[in-house]
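**Q** Below is the file model-v4.cif, with mmCIF, C-alpha atoms.
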```cif
data_coords
loop_
_atom_site.label_atom_id
_atom_site.label_comp_id
_atom_site.auth_asym_id
_atom_site.auth_seq_id
_atom_site.Cartn_x
_atom_site.Cartn_y
_atom_site.Cartn_z
CA MET A 1 -8.52 14.00 15.35
CA THR A 2 -5.96 11.40 16.35
CA SER A 3 -2.19 11.16 16.31
CA LEU A 4 0.32 8.46 15.49
CA ILE A 5 0.78 5.98 18.30
CA LEU A 6 4.35 6.06 19.53
CA THR A 7 4.03 3.37 22.19
CA PRO A 8 6.70 0.66 21.86
CA SER A 9 5.30 -2.47 20.25
CA SER A 10 6.51 -5.90 19.26
CA PRO A 11 7.05 -6.96 15.62
CA GLU A 12 3.56 -8.46 15.82
CA GLY A 13 2.12 -5.06 16.58
CA ASN A 14 1.29 -5.72 20.22
CA PRO A 15 1.95 -2.96 22.76
CA ILE A 16 4.92 -3.57 25.03
CA PHE A 17 4.01 -2.68 28.57
CA ALA A 18 7.27 -3.83 30.15
CA PRO A 19 10.05 -2.82 27.77
CA THR A 20 12.69 -3.96 30.23
CA THR A 21 11.60 -7.58 30.02
CA VAL A 22 10.45 -7.85 26.41
CA TYR A 23 12.58 -7.71 23.32
CA VAL A 24 12.37 -4.28 21.73
CA PRO A 25 13.33 -4.17 18.04
CA GLU A 26 15.99 -1.65 17.20
CA ALA A 27 15.15 -1.19 13.55
CA GLY A 28 11.84 0.58 13.93
CA VAL A 29 11.37 3.30 11.34
CA PHE A 30 8.95 6.14 10.77
CA LYS A 31 8.80 7.33 7.19
CA GLY A 32 6.64 10.05 5.73
CA TYR A 33 5.70 11.57 2.38
CA VAL A 34 3.86 14.69 1.28
CA HIS A 35 2.04 14.77 -2.03
CA PRO A 36 0.24 17.72 -3.64
CA ALA A 37 -2.70 16.22 -5.53
CA THR A 38 -4.34 17.28 -8.77
CA LEU A 39 -7.95 18.41 -8.51
CA ASN A 40 -10.65 16.19 -10.00
CA ALA A 41 -8.26 13.32 -10.65
CA GLN A 42 -7.24 9.92 -9.38
CA ASN A 43 -3.78 10.59 -7.98
CA ILE A 44 -1.34 7.72 -7.48
CA TRP A 45 2.08 7.67 -5.88
CA ASP A 46 4.26 4.58 -5.67
CA GLU A 47 6.92 4.23 -2.97
CA LYS A 48 9.40 1.47 -3.77
CA LEU A 49 10.72 -0.61 -0.90
CA ASP A 50 14.47 -1.05 -1.05
CA VAL A 51 14.47 -3.49 1.85
CA PRO A 52 11.87 -5.94 3.14
CA ILE A 53 9.74 -4.54 5.95
CA TYR A 54 7.14 -5.47 8.50
CA LEU A 55 4.46 -2.80 8.14
CA GLN A 56 2.82 -2.09 11.48
CA ALA A 57 0.93 1.15 11.29
CA GLY A 58 0.39 4.26 9.29
CA GLY A 59 -1.46 7.48 9.16
CA CYS A 60 -2.33 10.39 6.98
CA TRP A 61 -3.35 14.00 6.99
CA VAL A 62 -5.22 15.88 4.32
CA ARG A 63 -5.63 19.55 3.56
CA ASN A 64 -8.08 21.25 1.20
CA ALA A 65 -10.21 18.14 0.76
CA THR A 66 -13.61 18.25 -0.91
CA GLN A 67 -16.50 16.24 0.49
CA GLY A 68 -16.33 12.96 -1.42
CA ASP A 69 -12.56 12.74 -1.69
CA TYR A 70 -11.04 9.51 -0.43
CA GLY A 71 -7.71 7.76 0.00
CA GLU A 72 -6.49 4.20 -0.41
CA LEU A 73 -3.32 2.25 0.31
CA ALA A 74 -2.28 -0.84 -1.60
CA VAL A 75 0.75 -3.07 -2.00
CA VAL A 76 1.54 -3.63 -5.66
CA ASP A 77 4.06 -5.50 -7.77
CA LYS A 78 5.16 -3.43 -10.78
CA ASP A 79 8.38 -5.21 -11.68
CA ASP A 80 7.29 -8.85 -11.47
CA VAL A 81 9.23 -9.34 -8.25
CA LEU A 82 7.07 -12.32 -7.30
CA GLY A 83 7.23 -13.86 -10.77
CA LEU A 84 3.44 -13.98 -11.18
CA PHE A 85 3.03 -11.75 -14.26
CA ALA A 86 3.34 -14.59 -16.78
CA TYR A 87 0.66 -16.62 -15.03
CA TYR A 88 -1.84 -13.78 -15.31
CA GLY A 89 -0.82 -12.56 -18.75
CA LEU A 90 0.50 -9.26 -17.43
CA THR A 91 3.16 -7.13 -19.12
CA LYS A 92 6.06 -5.80 -17.09
CA GLY A 93 6.27 -2.01 -17.37
CA VAL A 94 2.60 -1.71 -18.28
CA ASP A 95 0.50 -3.70 -15.86
CA ILE A 96 0.25 -3.61 -12.12
CA LEU A 97 -0.44 -6.58 -9.88
CA GLU A 98 -2.29 -5.38 -6.82
CA LEU A 99 -1.54 -7.77 -3.99
CA ARG A 100 -3.13 -6.20 -0.94
CA LYS A 101 -5.29 -3.24 -0.13
CA HIS A 102 -4.75 -2.10 3.43
CA VAL A 103 -7.01 0.96 3.14
CA ARG A 104 -10.12 1.08 0.98
CA THR A 105 -12.18 4.21 0.24
CA LEU A 106 -11.21 6.15 3.35
CA TYR A 107 -13.47 9.15 2.80
CA PHE A 108 -12.32 12.54 3.96
CA PRO A 109 -14.50 15.38 5.21
CA ALA A 110 -14.24 18.75 3.56
CA GLY A 111 -11.21 20.72 4.66
CA SER A 112 -8.65 19.08 6.92
CA PHE A 113 -8.47 15.53 8.24
CA GLU A 114 -6.00 13.43 10.21
CA CYS A 115 -6.01 9.80 11.23
CA SER A 116 -3.78 6.92 12.27
CA ILE A 117 -4.22 3.26 11.49
CA ASP A 118 -2.83 0.27 13.37
CA PHE A 119 -2.88 -3.00 11.52
CA GLU A 120 -4.04 -6.01 13.50
CA THR A 121 -0.96 -8.00 12.59
CA LYS A 122 2.39 -7.13 11.14
CA SER A 123 2.42 -7.23 7.37
CA TYR A 124 5.55 -8.56 5.70
CA ILE A 125 6.33 -6.87 2.38
CA PRO A 126 9.32 -8.07 0.33
CA ALA A 127 11.82 -5.62 -1.14
CA GLY A 128 11.05 -4.46 -4.65
CA LEU A 129 7.32 -4.12 -4.09
CA TYR A 130 5.63 -0.74 -3.84
CA LEU A 131 3.38 0.99 -1.35
CA ARG A 132 0.76 2.59 -3.57
CA GLU A 133 -0.93 5.68 -2.17
CA ILE A 134 -4.09 6.84 -3.88
CA TYR A 135 -5.99 10.09 -3.46
CA VAL A 136 -9.16 10.52 -5.45
CA SER A 137 -10.07 14.18 -5.72
CA THR A 138 -13.64 15.04 -6.63
CA GLY A 139 -13.29 18.81 -6.35
CA THR A 140 -13.12 20.93 -9.49
CA SER A 141 -12.07 24.27 -8.05
CA GLY A 142 -10.35 25.75 -5.03
CA ASP A 143 -7.01 25.06 -3.43
CA GLN A 144 -4.96 22.03 -4.41
CA PRO A 145 -5.48 19.09 -2.01
CA ILE A 146 -2.41 17.90 -0.14
CA LEU A 147 -1.95 14.38 1.19
CA GLY A 148 0.57 13.58 3.90
CA VAL A 149 1.26 9.90 4.59
CA HIS A 150 3.45 8.29 7.22
CA TYR A 151 4.29 4.69 8.06
CA LYS A 152 5.62 2.81 11.03
CA PHE A 153 7.53 -0.31 10.08
CA TYR A 154 10.47 -2.51 10.93
CA GLU A 155 13.21 -3.13 8.43
CA VAL A 156 14.14 -6.79 8.21
CA MET B 1 -11.67 11.99 -14.31
CA LYS B 2 -7.97 12.36 -15.01
CA LEU B 3 -5.38 9.83 -13.87
CA VAL B 4 -2.18 11.27 -12.38
CA VAL B 5 0.64 8.85 -11.56
CA ASN B 6 3.59 10.17 -9.56
CA GLY B 7 2.68 13.72 -10.54
CA GLN B 8 2.41 13.03 -14.27
CA GLU B 9 -0.95 12.94 -16.02
CA VAL B 10 -1.42 9.66 -17.82
CA GLU B 11 -3.37 9.41 -21.05
CA PRO B 12 -6.54 7.35 -20.63
CA SER B 13 -5.30 5.04 -23.37
CA LYS B 14 -2.24 4.33 -21.24
CA LYS B 15 -4.15 3.94 -18.04
CA VAL B 16 -2.37 1.70 -15.59
CA LYS B 17 -4.15 -1.59 -15.29
CA LEU B 18 -5.03 -2.81 -11.85
CA TYR B 19 -5.35 -6.45 -11.12
CA ARG B 20 -6.48 -7.78 -7.82
CA VAL B 21 -6.40 -11.47 -8.39
CA ILE B 22 -5.42 -12.86 -5.04
CA THR B 23 -7.59 -12.95 -1.95
CA PRO B 24 -6.33 -10.88 1.01
CA SER B 25 -5.61 -13.91 3.19
CA ARG B 26 -3.79 -15.66 0.35
CA SER B 27 -1.86 -12.50 -0.39
CA LYS B 28 -0.54 -12.34 3.16
CA LYS B 29 0.61 -15.96 2.92
CA ILE B 30 2.41 -15.66 -0.38
CA LEU B 31 4.26 -12.56 0.76
CA GLU B 32 5.44 -14.19 3.97
CA ASP B 33 6.05 -17.75 2.82
CA PRO B 34 7.99 -18.58 -0.38
CA GLU B 35 6.52 -22.09 -0.32
CA GLU B 36 3.02 -20.63 -0.47
CA LEU B 37 4.05 -18.58 -3.51
CA GLN B 38 5.33 -21.70 -5.25
CA LYS B 39 2.10 -23.50 -4.37
CA LEU B 40 0.09 -20.67 -5.98
CA LYS B 41 2.21 -20.86 -9.13
CA ALA B 42 1.66 -24.60 -9.32
CA GLU B 43 -2.09 -24.08 -9.04
CA LEU B 44 -2.02 -21.45 -11.79
CA GLU B 45 -0.10 -23.78 -14.08
CA THR B 46 -2.79 -26.41 -13.77
CA SER B 47 -5.67 -23.91 -13.93
CA PRO B 48 -4.82 -21.43 -16.68
CA GLU B 49 -8.37 -20.09 -16.75
CA ASN B 50 -7.59 -18.34 -13.45
CA GLY B 51 -5.59 -15.78 -15.37
#
```
In structure tokens, write the structure found in this file.

**A**
Amino acid sequence: MTSLILTPSSPEGNPIFAPTTVYVPEAGVFKGYVHPATLNAQNIWDEKLDVPIYLQAGGCWVRNATQGDYGELAVVDKDDVLGLFAYYGLTKGVDILELRKHVRTLYFPAGSFECSIDFETKSYIPAGLYLREIYVSTGTSGDQPILGVHYKFYEV
Amino acid sequence: MKLVVNGQEVEPSKKVKLYRVITPSRSKKILEDPEELQKLKAELETSPENG
């Protein structure tokens, strides 16, 4: 079991060992969400970004998981913010353009699970895009799975 | 398997389509650099089969 890393770090994601001599951003933000998931379903939650951010790290915790459940994190364009829908024949309001997948098939053990993830480099995400959290539940009975997600980012 | 989007079950006929059409390295560039996004659009205009 691990915990979120709270060490000061630069916008590039590098640890700052001498905060008195290195610029320390003042707009660092931790943001979290809790989502009860539906059993035996692909659960999706979209968190819209109101401001552009540099995504640095994240983490999650899970309760009541079934062996075989997994989570994913993607960056998607739902509202044609980048203006690419027409090029790919996509329909605004119906289709989703998945731009990045930061976490792929992160399998959870049965029961409870916690982890933190540091990205190798900062990841710039323009305002208007969405952080898409996915929890695939394979269980058919028992308590409802719960997914907690948190992010560390800098607002631009 | 059911599909639940933001807490609401979605009919399979209305399943949200997922498109992953841009490589991860290209994706990072187009998000960070508007010129790279314009370059991608120019390429798509000349290569419509990419869609």

**Q** Mind listing as a ChimeraX atom specification which residues of chain A are within 8 Å of chain B, counting only C-alpha atoms?

**A** /A:37-38,40-46,82,84,87-89,94-101,123-126

**Q** One decimal, in Å: what's the spacing between CA of Tyr151 in chain A and CA of Trp61 in chain A?

**A** 12.1 Å

**Q** Considering all atoms listed in the file, return as number ranges by chain whatever protein or nucleic-acid residues lie within 6 Å of Cys60 in chain A, sequence-local ones (same chain, fewer than 2 positions apart) excluded.

**A** A: 114-115, 148-149

**Q** With C-alpha atoms retained, could you export that selection as a PDB file, in the coordinates of the input?

**A**
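The resulting again14.pdb:
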```
ATOM      1  CA  GLU A 114      -6.000  13.430  10.210  1.00  0.00           C
ATOM      2  CA  CYS A 115      -6.010   9.800  11.230  1.00  0.00           C
ATOM      3  CA  GLY A 148       0.570  13.580   3.900  1.00  0.00           C
ATOM      4  CA  VAL A 149       1.260   9.900   4.590  1.00  0.00           C
TER       5      VAL A 149
END
```

**Q** Show me the residues close to (4.1, 0.0, 10.6) - anything with an atom within 7 Å, counting all atoms listed in the file - and format the list as JSON, numbers by chain.

**A** {"A": [54, 55, 56, 57, 58, 151, 152, 153, 154]}

**Q** Assuming the input is short of atoms at range 19-39 of chain B, produce N, CA, C and O atoms for that part as an mmCIF file, keeping the file's coordinate frame.

**A**
```
data_model
loop_
_atom_site.group_PDB
_atom_site.id
_atom_site.type_symbol
_atom_site.label_atom_id
_atom_site.label_comp_id
_atom_site.auth_asym_id
_atom_site.auth_seq_id
_atom_site.Cartn_x
_atom_site.Cartn_y
_atom_site.Cartn_z
ATOM 1 N N TYR B 19 -4.863 -5.091 -11.245
ATOM 2 C CA TYR B 19 -5.350 -6.450 -11.120
ATOM 3 C C TYR B 19 -5.328 -6.824 -9.646
ATOM 4 O O TYR B 19 -4.327 -6.642 -8.972
ATOM 5 N N ARG B 20 -6.444 -7.296 -9.186
ATOM 6 C CA ARG B 20 -6.480 -7.780 -7.820
ATOM 7 C C ARG B 20 -6.996 -9.217 -7.897
ATOM 8 O O ARG B 20 -8.188 -9.470 -7.910
ATOM 9 N N VAL B 21 -6.050 -10.113 -8.032
ATOM 10 C CA VAL B 21 -6.400 -11.470 -8.390
ATOM 11 C C VAL B 21 -6.209 -12.451 -7.252
ATOM 12 O O VAL B 21 -6.519 -13.622 -7.384
ATOM 13 N N ILE B 22 -5.719 -11.972 -6.152
ATOM 14 C CA ILE B 22 -5.420 -12.860 -5.040
ATOM 15 C C ILE B 22 -6.191 -12.397 -3.815
ATOM 16 O O ILE B 22 -6.218 -11.206 -3.514
ATOM 17 N N THR B 23 -6.809 -13.333 -3.112
ATOM 18 C CA THR B 23 -7.590 -12.950 -1.950
ATOM 19 C C THR B 23 -6.662 -12.377 -0.875
ATOM 20 O O THR B 23 -5.476 -12.709 -0.822
ATOM 21 N N PRO B 24 -7.188 -11.494 -0.013
ATOM 22 C CA PRO B 24 -6.330 -10.880 1.010
ATOM 23 C C PRO B 24 -5.598 -11.886 1.886
ATOM 24 O O PRO B 24 -4.416 -11.726 2.174
ATOM 25 N N SER B 25 -6.280 -12.936 2.314
ATOM 26 C CA SER B 25 -5.610 -13.910 3.190
ATOM 27 C C SER B 25 -4.525 -14.662 2.429
ATOM 28 O O SER B 25 -3.450 -14.954 2.961
ATOM 29 N N ARG B 26 -4.789 -14.962 1.161
ATOM 30 C CA ARG B 26 -3.790 -15.660 0.350
ATOM 31 C C ARG B 26 -2.603 -14.734 0.078
ATOM 32 O O ARG B 26 -1.449 -15.168 0.062
ATOM 33 N N SER B 27 -2.910 -13.475 -0.124
ATOM 34 C CA SER B 27 -1.860 -12.500 -0.390
ATOM 35 C C SER B 27 -0.879 -12.439 0.773
ATOM 36 O O SER B 27 0.346 -12.419 0.580
ATOM 37 N N LYS B 28 -1.405 -12.400 1.986
ATOM 38 C CA LYS B 28 -0.540 -12.340 3.160
ATOM 39 C C LYS B 28 0.376 -13.559 3.217
ATOM 40 O O LYS B 28 1.566 -13.457 3.520
ATOM 41 N N LYS B 29 -0.185 -14.729 2.865
ATOM 42 C CA LYS B 29 0.610 -15.960 2.920
ATOM 43 C C LYS B 29 1.710 -15.975 1.876
ATOM 44 O O LYS B 29 2.838 -16.369 2.153
ATOM 45 N N ILE B 30 1.388 -15.563 0.664
ATOM 46 C CA ILE B 30 2.410 -15.660 -0.380
ATOM 47 C C ILE B 30 3.516 -14.638 -0.179
ATOM 48 O O ILE B 30 4.635 -14.837 -0.638
ATOM 49 N N LEU B 31 3.210 -13.539 0.494
ATOM 50 C CA LEU B 31 4.260 -12.560 0.760
ATOM 51 C C LEU B 31 5.187 -13.042 1.868
ATOM 52 O O LEU B 31 6.377 -12.754 1.861
ATOM 53 N N GLU B 32 4.642 -13.779 2.807
ATOM 54 C CA GLU B 32 5.440 -14.190 3.970
ATOM 55 C C GLU B 32 6.102 -15.541 3.785
ATOM 56 O O GLU B 32 7.092 -15.837 4.442
ATOM 57 N N ASP B 33 5.560 -16.377 2.909
ATOM 58 C CA ASP B 33 6.050 -17.750 2.820
ATOM 59 C C ASP B 33 6.347 -18.102 1.352
ATOM 60 O O ASP B 33 5.426 -18.258 0.549
ATOM 61 N N PRO B 34 7.629 -18.234 0.998
ATOM 62 C CA PRO B 34 7.990 -18.580 -0.380
ATOM 63 C C PRO B 34 7.345 -19.885 -0.853
ATOM 64 O O PRO B 34 7.026 -20.033 -2.035
ATOM 65 N N GLU B 35 7.154 -20.828 0.064
ATOM 66 C CA GLU B 35 6.520 -22.090 -0.320
ATOM 67 C C GLU B 35 5.080 -21.866 -0.761
ATOM 68 O O GLU B 35 4.579 -22.521 -1.666
ATOM 69 N N GLU B 36 4.404 -20.945 -0.106
ATOM 70 C CA GLU B 36 3.020 -20.630 -0.470
ATOM 71 C C GLU B 36 2.966 -20.001 -1.859
ATOM 72 O O GLU B 36 2.044 -20.249 -2.641
ATOM 73 N N LEU B 37 3.968 -19.190 -2.174
ATOM 74 C CA LEU B 37 4.050 -18.580 -3.510
ATOM 75 C C LEU B 37 4.238 -19.654 -4.572
ATOM 76 O O LEU B 37 3.595 -19.629 -5.626
ATOM 77 N N GLN B 38 5.110 -20.611 -4.297
ATOM 78 C CA GLN B 38 5.330 -21.700 -5.250
ATOM 79 C C GLN B 38 4.069 -22.547 -5.408
ATOM 80 O O GLN B 38 3.748 -23.020 -6.506
ATOM 81 N N LYS B 39 3.343 -22.727 -4.320
ATOM 82 C CA LYS B 39 2.100 -23.500 -4.370
ATOM 83 C C LYS B 39 1.071 -22.777 -5.259
ATOM 84 O O LYS B 39 0.370 -23.412 -6.049
#
```
